[in-house]
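Novice: Have a look at this one before I ask anything.
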Amino acid sequence: MAVLVNFKICDNAKECGGIEVCPTGALSWNEEKETIEIDNNKCISCGLCEKECPIGAFQVARTNEEYQRMRKEIEDDPRTTKDLFVDRYGAVAISDFFTISLDEIDKKTEKDCITLIEVYNPDLAECLLKSIPIKELTKELPKDTLYYKTESSENIKKYDIQELPSLLIFKQGNLLGHIDGYYTTDEKNEFIGKINEIVK
């Protein structure tokens, strides 16, 4: 009957997997409005978008009663987009504050403090809700630790990156080490442990 999207937890990305798997075009990306659009006249309630979404933002209602219940659940959801839209590891950069170009890496890592440079491919960026906020990755590190994000569509041989995203860890211009691959919020402690091992 209809599909609903909880935009309080959805990062509303053009690369949405739900759009990709929709067989009828009920879900699409509106370039002008920069948002996911729903045409429930095309929805056949197949549930593919619901299965594809890693955070449960899509819900498929098969009856009017289900639709009304799901709509109320979304309305009553206490979460807000303000909580969602913070910069996170492996996700598209939200703030220009953290964003640098690849050419700036050497300059940004000259300082005495620890500097973390995340190299990620925006075309392969992950969902915000399942990605680890930067502030959680750095909370056990010294207060002067710096964090930057830079885009690359390929692995960088100079830093021996094998898989994106990759977190490069520098101090005084020296590369202490790097951690390749994506880590979800469920793997946060493992990821933080790897960072702390390199920084020691």
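Naming scheme: A, B, ... for chains in displayed order of the structure tokens; residues 1 onward per chain; ligands 1 onward as shown.
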If you take only C-alpha atoms and a cut-off of 9 Å, which residues of stretch 18-103 of chain A touch stretch 165-178 of chain A, and what are their nearest atom pairs and distances in Å to one decimal, in chain and number order, as a Markdown table?

Specialist:
| residue | atom | partner | partner_atom | distance |
| --- | --- | --- | --- | --- |
| A:Tyr89 | CA | A:Pro165 | CA | 8.0 |
| A:Gly90 | CA | A:Pro165 | CA | 5.7 |
| A:Ala91 | CA | A:Pro165 | CA | 9.0 |

Novice: Could you write out the selected residues, including C-alpha atoms, as an mmCIF file, in the first residue's frame?

Specialist:
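Printed below is out39.cif as written:
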data_model
loop_
_atom_site.group_PDB
_atom_site.id
_atom_site.type_symbol
_atom_site.label_atom_id
_atom_site.label_comp_id
_atom_site.auth_asym_id
_atom_site.auth_seq_id
_atom_site.Cartn_x
_atom_site.Cartn_y
_atom_site.Cartn_z
ATOM 1 C CA TYR A 89 33.720 8.219 10.319
ATOM 2 C CA GLY A 90 32.999 6.691 6.900
ATOM 3 C CA ALA A 91 30.047 8.971 6.185
#

Novice: I'd like the contact shell of A:Ser95 - 12 Å cut-off, only C-alpha atoms, skipping same-chain residues fewer than 3 positions apart - returned as a list in words.

Specialist: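 Near A:Ser95, the qualifying residues are Phe85, Val86, Asp87, Arg88, Ala91, Val92, Phe98, Thr99, Ile100, Ile134, Tyr148, Lys149 and Thr150 of chain A.
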
Novice: Write out as a PDB file with N, CA and C atoms, in the first residue's frame each polymer residue whose atoms come within 10 Å of A:Asp186, counting only C-alpha atoms; drop sequence neighbours fewer than 4 positions from it.

Specialist:
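Result file out04.pdb:
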ATOM      1  N   LYS A 130      24.484   4.651  11.344  1.00  0.00           N
ATOM      2  CA  LYS A 130      25.286   3.498  11.753  1.00  0.00           C
ATOM      3  C   LYS A 130      26.784   3.807  11.764  1.00  0.00           C
ATOM      4  N   SER A 131      27.133   5.085  11.535  1.00  0.00           N
ATOM      5  CA  SER A 131      28.536   5.506  11.522  1.00  0.00           C
ATOM      6  C   SER A 131      28.908   6.192  12.834  1.00  0.00           C
ATOM      7  N   ILE A 132      30.164   6.041  13.247  1.00  0.00           N
ATOM      8  CA  ILE A 132      30.619   6.526  14.555  1.00  0.00           C
ATOM      9  C   ILE A 132      30.914   8.028  14.510  1.00  0.00           C
ATOM     10  N   GLU A 190      36.111  -1.525  19.374  1.00  0.00           N
ATOM     11  CA  GLU A 190      37.222  -2.161  18.659  1.00  0.00           C
ATOM     12  C   GLU A 190      38.037  -1.115  17.900  1.00  0.00           C
ATOM     13  N   PHE A 191      37.328  -0.201  17.232  1.00  0.00           N
ATOM     14  CA  PHE A 191      37.990   0.840  16.442  1.00  0.00           C
ATOM     15  C   PHE A 191      38.780   1.795  17.339  1.00  0.00           C
TER      16      PHE A 191
END

Novice: Give me, please, the distance in Å between atom CA of A:Ile55 and atom CA of A:Ala125, quoted to one decimal.

Specialist: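 These atoms are spaced 14.6 Å apart.
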
Novice: Just asking: which residues within stretch 15-196 of chain A are strand (DSSP E or B) according to DSSP, as a PyMOL selection string?

Specialist: chain A and resi 27-30+35-38+58-61+88+99+114-120+131+133+146-151+166-171+174-180+184

Novice: Export, as a tab-separated table (two decimals), in the first residue's frame, the selected residues with C-alpha atoms.

Specialist:
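Produced file part.tsv, reproduced below:
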chain	number	residue	atom	x	y	z
A	27	LEU	CA	11.33	5.93	-4.41
A	28	SER	CA	13.43	8.47	-6.26
A	29	TRP	CA	15.89	11.31	-5.70
A	30	ASN	CA	14.70	14.87	-6.36
A	35	THR	CA	15.60	14.80	-1.00
A	36	ILE	CA	14.22	11.28	-1.31
A	37	GLU	CA	10.72	11.38	-2.77
A	38	ILE	CA	7.96	8.81	-2.41
A	58	PHE	CA	11.91	2.71	5.77
A	59	GLN	CA	8.67	1.04	6.78
A	60	VAL	CA	6.18	-0.58	4.42
A	61	ALA	CA	2.51	-0.48	5.39
A	88	ARG	CA	31.05	10.67	11.44
A	99	THR	CA	37.05	19.05	5.22
A	114	ILE	CA	47.95	14.09	17.18
A	115	THR	CA	46.18	14.63	13.86
A	116	LEU	CA	43.68	12.17	12.44
A	117	ILE	CA	43.00	12.30	8.72
A	118	GLU	CA	40.07	10.29	7.41
A	119	VAL	CA	40.29	9.46	3.72
A	120	TYR	CA	36.94	8.34	2.32
A	131	SER	CA	28.54	5.51	11.52
A	133	PRO	CA	30.60	10.25	15.46
A	146	LEU	CA	42.80	17.43	15.36
A	147	TYR	CA	40.50	15.58	12.93
A	148	TYR	CA	40.05	16.16	9.21
A	149	LYS	CA	38.19	14.44	6.38
A	150	THR	CA	39.38	14.29	2.78
A	151	GLU	CA	37.87	12.69	-0.29
A	166	SER	CA	41.03	4.83	6.08
A	167	LEU	CA	42.07	6.70	9.21
A	168	LEU	CA	45.62	8.07	9.05
A	169	ILE	CA	47.19	8.93	12.42
A	170	PHE	CA	49.97	11.54	12.48
A	171	LYS	CA	52.12	13.30	15.06
A	174	ASN	CA	55.08	11.57	11.02
A	175	LEU	CA	52.59	8.87	10.10
A	176	LEU	CA	52.21	6.70	13.21
A	177	GLY	CA	49.91	4.24	11.47
A	178	HIS	CA	46.56	3.84	9.76
A	179	ILE	CA	43.40	1.78	10.08
A	180	ASP	CA	41.67	0.73	6.87
A	184	THR	CA	29.95	0.64	12.46
